[in-house]
Structure formats: C-alpha cells, structure tokens
>>> print(open('final_38.json').read())   # JSON, C-alpha atoms
[["chain", "number", "residue", "atom", "x", "y", "z"],
["A", 1, "MET", "CA", -101.35, -24.08, 23.01],
["A", 2, "ALA", "CA", -99.40, -27.24, 22.12],
["A", 3, "SER", "CA", -97.62, -25.45, 19.25],
["A", 4, "LEU", "CA", -96.41, -22.68, 21.55],
["A", 5, "ALA", "CA", -95.27, -25.26, 24.13],
["A", 6, "GLU", "CA", -93.24, -27.03, 21.44],
["A", 7, "LYS", "CA", -91.54, -23.74, 20.53],
["A", 8, "GLU", "CA", -90.36, -23.47, 24.15],
["A", 9, "ILE", "CA", -88.48, -26.81, 24.01],
["A", 10, "GLY", "CA", -84.87, -26.25, 25.06],
["A", 11, "VAL", "CA", -85.54, -23.11, 27.10],
["A", 12, "ARG", "CA", -83.58, -23.39, 30.34],
["A", 13, "GLY", "CA", -85.45, -22.89, 33.56],
["A", 14, "TYR", "CA", -82.54, -21.77, 35.70],
["A", 15, "LEU", "CA", -79.44, -19.63, 35.37],
["A", 16, "THR", "CA", -76.13, -21.34, 34.65],
["A", 17, "LEU", "CA", -73.25, -21.02, 37.12],
["A", 18, "ASN", "CA", -71.47, -18.74, 34.64],
["A", 19, "GLU", "CA", -74.52, -16.43, 34.41],
["A", 20, "MET", "CA", -74.76, -16.26, 38.21],
["A", 21, "ASN", "CA", -71.03, -15.49, 38.51],
["A", 22, "ASN", "CA", -71.47, -12.64, 36.03],
["A", 23, "GLY", "CA", -74.22, -11.01, 38.08],
["A", 24, "PHE", "CA", -77.31, -12.11, 36.15],
["A", 25, "GLY", "CA", -79.15, -13.44, 39.22],
["A", 26, "ARG", "CA", -79.17, -15.78, 42.20],
["A", 27, "SER", "CA", -78.67, -19.51, 42.30],
["A", 28, "GLY", "CA", -81.92, -21.23, 41.36],
["A", 29, "ASP", "CA", -83.56, -18.22, 39.70],
["A", 30, "CYS", "CA", -86.10, -19.30, 37.13],
["A", 31, "VAL", "CA", -85.18, -17.06, 34.24],
["A", 32, "LYS", "CA", -88.24, -16.91, 32.02],
["A", 33, "TYR", "CA", -91.33, -18.41, 33.67],
["A", 34, "GLY", "CA", -90.67, -17.34, 37.27],
["A", 35, "ARG", "CA", -89.96, -13.79, 36.16],
["A", 36, "TRP", "CA", -93.10, -13.77, 33.97],
["A", 37, "MET", "CA", -95.18, -15.05, 36.93],
["A", 38, "ALA", "CA", -93.74, -12.34, 39.22],
["A", 39, "ILE", "CA", -94.52, -9.57, 36.72],
["A", 40, "TYR", "CA", -98.04, -10.91, 36.06],
["A", 41, "LYS", "CA", -98.88, -11.20, 39.78],
["A", 42, "ALA", "CA", -97.33, -7.82, 40.64],
["A", 43, "GLU", "CA", -99.46, -6.12, 37.98],
["A", 44, "CYS", "CA", -102.67, -7.94, 38.95],
["A", 45, "LEU", "CA", -102.24, -7.32, 42.67],
["A", 46, "ASN", "CA", -100.65, -3.88, 42.31],
["A", 47, "ILE", "CA", -97.70, -5.04, 44.42],
["A", 48, "ASN", "CA", -94.02, -4.15, 44.15],
["A", 49, "LEU", "CA", -92.28, -6.39, 41.60],
["A", 50, "ARG", "CA", -89.37, -7.09, 44.01],
["A", 51, "GLN", "CA", -91.82, -8.67, 46.49],
["A", 52, "MET", "CA", -93.20, -10.94, 43.78],
["A", 53, "GLU", "CA", -89.74, -11.87, 42.50],
["A", 54, "GLN", "CA", -88.77, -12.99, 46.00],
["A", 55, "LYS", "CA", -91.82, -15.24, 46.05],
["A", 56, "TYR", "CA", -91.56, -16.80, 42.58],
["A", 57, "LEU", "CA", -87.88, -16.88, 41.61],
["A", 58, "GLY", "CA", -86.09, -20.07, 42.59],
["A", 59, "GLN", "CA", -89.31, -22.11, 42.97],
["A", 60, "PRO", "CA", -90.39, -25.21, 41.01],
["A", 61, "TRP", "CA", -91.66, -23.89, 37.71],
["A", 62, "CYS", "CA", -93.67, -26.59, 35.88],
["A", 63, "ALA", "CA", -97.00, -24.85, 36.64],
["A", 64, "GLU", "CA", -95.51, -21.45, 35.81],
["A", 65, "PHE", "CA", -94.53, -22.84, 32.40],
["A", 66, "ILE", "CA", -98.09, -24.14, 31.80],
["A", 67, "SER", "CA", -99.59, -20.83, 33.01],
["A", 68, "TYR", "CA", -97.29, -18.88, 30.69],
["A", 69, "VAL", "CA", -98.11, -21.00, 27.61],
["A", 70, "ALA", "CA", -101.86, -20.91, 28.33],
["A", 71, "TYR", "CA", -101.89, -17.15, 28.92],
["A", 72, "ILE", "CA", -99.84, -16.35, 25.80],
["A", 73, "SER", "CA", -102.08, -18.73, 23.81],
["A", 74, "GLY", "CA", -105.18, -16.80, 24.93],
["A", 75, "ILE", "CA", -106.68, -19.61, 27.04],
["A", 76, "ASP", "CA", -109.21, -18.22, 29.53],
["A", 77, "ARG", "CA", -107.84, -18.10, 33.11],
["A", 78, "SER", "CA", -110.91, -19.97, 34.38],
["A", 79, "VAL", "CA", -109.83, -22.91, 32.20],
["A", 80, "VAL", "CA", -106.08, -22.81, 32.94],
["A", 81, "PRO", "CA", -105.49, -20.61, 36.01],
["A", 82, "VAL", "CA", -102.36, -18.49, 36.30],
["A", 83, "THR", "CA", -100.57, -20.06, 39.27],
["A", 84, "SER", "CA", -97.28, -21.59, 40.33],
["A", 85, "ASP", "CA", -99.10, -24.29, 42.32],
["A", 86, "THR", "CA", -99.87, -27.50, 40.39],
["A", 87, "LEU", "CA", -102.55, -28.67, 42.82],
["A", 88, "LYS", "CA", -104.27, -25.26, 42.81],
["A", 89, "MET", "CA", -104.19, -25.22, 39.01],
["A", 90, "GLY", "CA", -106.27, -28.41, 38.87],
["A", 91, "GLU", "CA", -108.56, -27.54, 41.78],
["A", 92, "THR", "CA", -109.51, -24.09, 40.46],
["A", 93, "SER", "CA", -109.96, -24.97, 36.79],
["A", 94, "CYS", "CA", -113.54, -25.03, 35.53],
["A", 95, "ALA", "CA", -112.42, -27.62, 32.95],
["A", 96, "TYR", "CA", -110.67, -30.11, 35.29],
["A", 97, "ASN", "CA", -111.55, -33.78, 34.76],
["A", 98, "GLU", "CA", -110.67, -36.98, 36.59],
["A", 99, "TRP", "CA", -108.56, -39.36, 34.51],
["A", 100, "GLN", "CA", -110.87, -41.46, 32.31],
["A", 101, "GLY", "CA", -108.25, -43.14, 30.13],
["A", 102, "ILE", "CA", -106.07, -42.07, 27.26],
["A", 103, "SER", "CA", -109.00, -42.02, 24.80],
["A", 104, "GLN", "CA", -110.22, -38.75, 26.39],
["A", 105, "ILE", "CA", -106.90, -36.92, 25.95],
["A", 106, "LYS", "CA", -106.19, -34.67, 22.98],
["A", 107, "ARG", "CA", -103.47, -32.30, 21.78],
["A", 108, "GLY", "CA", -103.29, -29.17, 23.92],
["A", 109, "ASP", "CA", -104.79, -30.71, 27.08],
["A", 110, "VAL", "CA", -103.02, -30.13, 30.38],
["A", 111, "ILE", "CA", -102.32, -33.27, 32.41],
["A", 112, "PHE", "CA", -101.48, -33.66, 36.11],
["A", 113, "PHE", "CA", -99.15, -36.25, 37.62],
["A", 114, "SER", "CA", -99.11, -37.86, 41.06],
["A", 115, "PRO", "CA", -96.80, -40.45, 42.57],
["A", 116, "ILE", "CA", -98.31, -43.95, 42.83],
["A", 117, "SER", "CA", -97.60, -43.86, 46.58],
["A", 118, "ALA", "CA", -99.97, -40.91, 47.01],
["A", 119, "LEU", "CA", -103.09, -42.07, 45.19],
["A", 120, "ARG", "CA", -105.07, -40.11, 47.76],
["A", 121, "GLY", "CA", -103.72, -37.57, 50.22],
["A", 122, "LEU", "CA", -104.78, -37.37, 53.85],
["A", 123, "ASP", "CA", -107.58, -34.93, 53.00],
["A", 124, "GLY", "CA", -108.92, -37.14, 50.20],
["A", 125, "GLN", "CA", -107.33, -35.00, 47.49],
["A", 126, "LYS", "CA", -104.81, -36.25, 45.00],
["A", 127, "ALA", "CA", -101.22, -35.23, 45.64],
["A", 128, "VAL", "CA", -100.49, -33.55, 42.31],
["A", 129, "HIS", "CA", -96.84, -32.61, 41.90],
["A", 130, "HIS", "CA", -96.21, -32.12, 38.17],
["A", 131, "VAL", "CA", -98.09, -30.79, 35.15],
["A", 132, "ALA", "CA", -97.52, -30.95, 31.37],
["A", 133, "ILE", "CA", -99.11, -30.18, 28.00],
["A", 134, "VAL", "CA", -100.12, -33.02, 25.65],
["A", 135, "VAL", "CA", -98.70, -32.60, 22.15],
["A", 136, "ASN", "CA", -99.64, -36.02, 20.76],
["A", 137, "SER", "CA", -101.53, -39.11, 21.90],
["A", 138, "ASN", "CA", -101.85, -42.55, 20.36],
["A", 139, "VAL", "CA", -104.88, -44.16, 21.92],
["A", 140, "ILE", "CA", -104.33, -47.57, 20.34],
["A", 141, "LYS", "CA", -100.71, -47.94, 21.50],
["A", 142, "GLY", "CA", -101.11, -46.21, 24.88],
["A", 143, "LYS", "CA", -98.55, -43.54, 24.10],
["A", 144, "LEU", "CA", -98.59, -39.92, 25.13],
["A", 145, "VAL", "CA", -96.13, -37.21, 24.08],
["A", 146, "ILE", "CA", -95.90, -34.26, 26.46],
["A", 147, "VAL", "CA", -94.00, -30.99, 26.75],
["A", 148, "HIS", "CA", -93.07, -29.97, 30.29],
["A", 149, "GLY", "CA", -90.53, -28.13, 32.38],
["A", 150, "ASN", "CA", -88.75, -28.61, 35.69],
["A", 151, "SER", "CA", -88.64, -32.39, 35.68],
["A", 152, "PHE", "CA", -85.37, -34.34, 36.00],
["A", 153, "ASP", "CA", -83.41, -31.38, 34.56],
["A", 154, "ASP", "CA", -83.72, -27.65, 34.02],
["A", 155, "VAL", "CA", -85.06, -27.34, 30.48],
["A", 156, "VAL", "CA", -88.43, -27.45, 28.77],
["A", 157, "LYS", "CA", -88.49, -30.78, 26.96],
["A", 158, "ARG", "CA", -90.60, -33.33, 25.12],
["A", 159, "SER", "CA", -91.15, -36.77, 26.70],
["A", 160, "LEU", "CA", -92.77, -39.94, 25.37],
["A", 161, "LEU", "CA", -94.79, -41.84, 27.99],
["A", 162, "HIS", "CA", -96.24, -45.35, 27.73],
["A", 163, "LEU", "CA", -99.44, -45.77, 29.79],
["A", 164, "ASP", "CA", -101.86, -48.45, 30.83],
["A", 165, "ASP", "CA", -105.64, -47.80, 30.85],
["A", 166, "THR", "CA", -105.57, -46.62, 34.46],
["A", 167, "GLY", "CA", -103.13, -43.80, 33.71],
["A", 168, "ARG", "CA", -100.14, -45.50, 35.29],
["A", 169, "ILE", "CA", -96.93, -44.73, 33.45],
["A", 170, "LEU", "CA", -95.15, -47.89, 32.34],
["A", 171, "ALA", "CA", -92.12, -46.31, 30.63],
["A", 172, "PRO", "CA", -89.66, -44.64, 30.66],
["A", 173, "ASN", "CA", -88.22, -46.03, 33.91],
["A", 174, "SER", "CA", -87.74, -42.59, 35.47],
["A", 175, "TRP", "CA", -91.55, -42.14, 35.40],
["A", 176, "LYS", "CA", -92.59, -45.66, 36.55],
["A", 177, "ASN", "CA", -93.79, -44.52, 39.99],
["A", 178, "GLU", "CA", -96.16, -41.95, 38.49],
["A", 179, "TYR", "CA", -99.70, -41.91, 37.23],
["A", 180, "ILE", "CA", -101.93, -39.32, 35.56],
["A", 181, "ALA", "CA", -104.27, -37.93, 38.18],
["A", 182, "GLY", "CA", -106.40, -35.78, 35.91],
["A", 183, "TYR", "CA", -106.45, -33.29, 33.09],
["A", 184, "ILE", "CA", -107.79, -29.97, 31.90],
["A", 185, "SER", "CA", -109.54, -30.20, 28.55],
["A", 186, "VAL", "CA", -108.45, -27.17, 26.55]]
>>> encode(input="final_38.json", output="structure tokens")
Amino acid sequence: MASLAEKEIGVRGYLTLNEMNNGFGRSGDCVKYGRWMAIYKAECLNINLRQMEQKYLGQPWCAEFISYVAYISGIDRSVVPVTSDTLKMGETSCAYNEWQGISQIKRGDVIFFSPISALRGLDGQKAVHHVAIVVNSNVIKGKLVIVHGNSFDDVVKRSLLHLDDTGRILAPNSWKNEYIAGYISV
C-alpha cells in the first residue's frame, strides 16, 4: 500500500484554472480520487453516476485518496473502508487502534490526525480531520514520513513529521497544532 501511495506523489487533486476554462470541469473538482469515489459508489449502490459526482466532486479528498490506494492495493474494505469521511473511516475499521506511540507504527499503516484543540469532541469522540499513509518511521528519533493528499495544497505529497511520545507533532511548524489520534494497522 505504501509503495502505491508513493507512486501517486505529485498527482494534483483539483483542476487548474486553465483546465476549467477549457471545459474539463468545475472549480474545485477532484480529478482522480473524487471521480474514482463517485464511480465506485455509483456501481455499489446502483445509482446514477451524475448523482454521485455531485456528491463527491469538489469535496476534501484525503480520505478518498486513502480509500483509492487501499482498494487498488487489495486491502479488505473492513480494514480500510471506502469512504470520503475521515472520521467514518476510523470508526468503521475493524483494525482501528488508539495511538500507543510511534513504536507501534509501521510502513503501510493509515494514521488519523486531530487538532490539539479538539482532543475530545462533544460526544466523546475524537475530531479526526485528516488521514495519511505511513511510508517510513524512525522510532528512535521520533520521525514519521507520510504520504497524503489535500493538506496545505492540492497535490499528493510526502511529509516528514517529528513527534513526541504522545503523538503530538513538533515539526514542521504548519503541523504544530496537530496530534495523531489513532491508526489502522494494515
């Protein structure tokens, strides 16, 4: 799963202004992962593809990216559910685990992020808002390399995170208000 995720690095999530002006879609359309999600759901639910495209195109696509990579990699849907909802992905996975420290994480695992300000939501659930695939972890140095989409820009990219034992992200600065809420062991 991690190898396929790495092959997706650089794939743009949204259409460029030039592509929109030339009739390739609407502003905010998620080109690859949103369209894949719409086709998958339309086939599973036997619903018109146009209805599904209206639902999935133009939405945040980090979970769609994870769903796509897991599905293409042959990961069972009970382990990594096919969904565009990051919270639902963690809640419905039979392999979801609470964060136990970086020593538990391995290549190919799916990790969930929450803002520090939302350690627990009003209903007692974590407020998960982003998801990524682990491609490398260095337990001794507290480093984690992830591949993810729809975060800070519109491409699938690799990021290096520095963590403490609690899962709080120490660096880079753009991630300092985040922590790892949990993970799916793949």
>>> closest_residue(input="final_38.json", among="A:Tyr40, A:Glu64, A:Lys32, A:Asp76", to="Val186 of chain A", atoms="only C-alpha atoms")
A:Asp76
>>> residues_around(input="final_38.json", residues="His148 of chain A", least_positions_apart="3", cutoff="12 Å", atoms="all atoms listed in the file", output="ChimeraX atom specification")
/A:2,4-13,61-69,110-113,130-135,145,151-160
>>> closest_residue(input="final_38.json", among="A:Arg168, A:Lys88, A:Arg77, A:Lys106", to="Asn136 of chain A", atoms="all atoms listed in the file")
A:Lys106
>>> residues_near_point(input="final_38.json", point="(-99.0, -40.4, 37.4)", cutoff="7 Å", atoms="only C-alpha atoms", output="number ranges by chain")
A: 113-116, 167-169, 178-181
>>> atom_distance(input="final_38.json", atom1="atom CA of Tyr183 of chain A", atom2="atom CA of Gly34 of chain A")
22.8 Å
>>> closest_residue(input="final_38.json", among="A:Met37, A:Val80, A:Ile105, A:Ala127", to="Ser93 of chain A", atoms="all atoms listed in the file")
A:Val80
>>> atom_distance(input="final_38.json", atom1="atom CA of Trp175 of chain A", atom2="atom CA of Ile102 of chain A")
16.6 Å
>>> closest_residue(input="final_38.json", among="A:Asn97, A:Thr92, A:Thr166, A:Ser73", to="Met1 of chain A", atoms="only C-alpha atoms")
A:Ser73
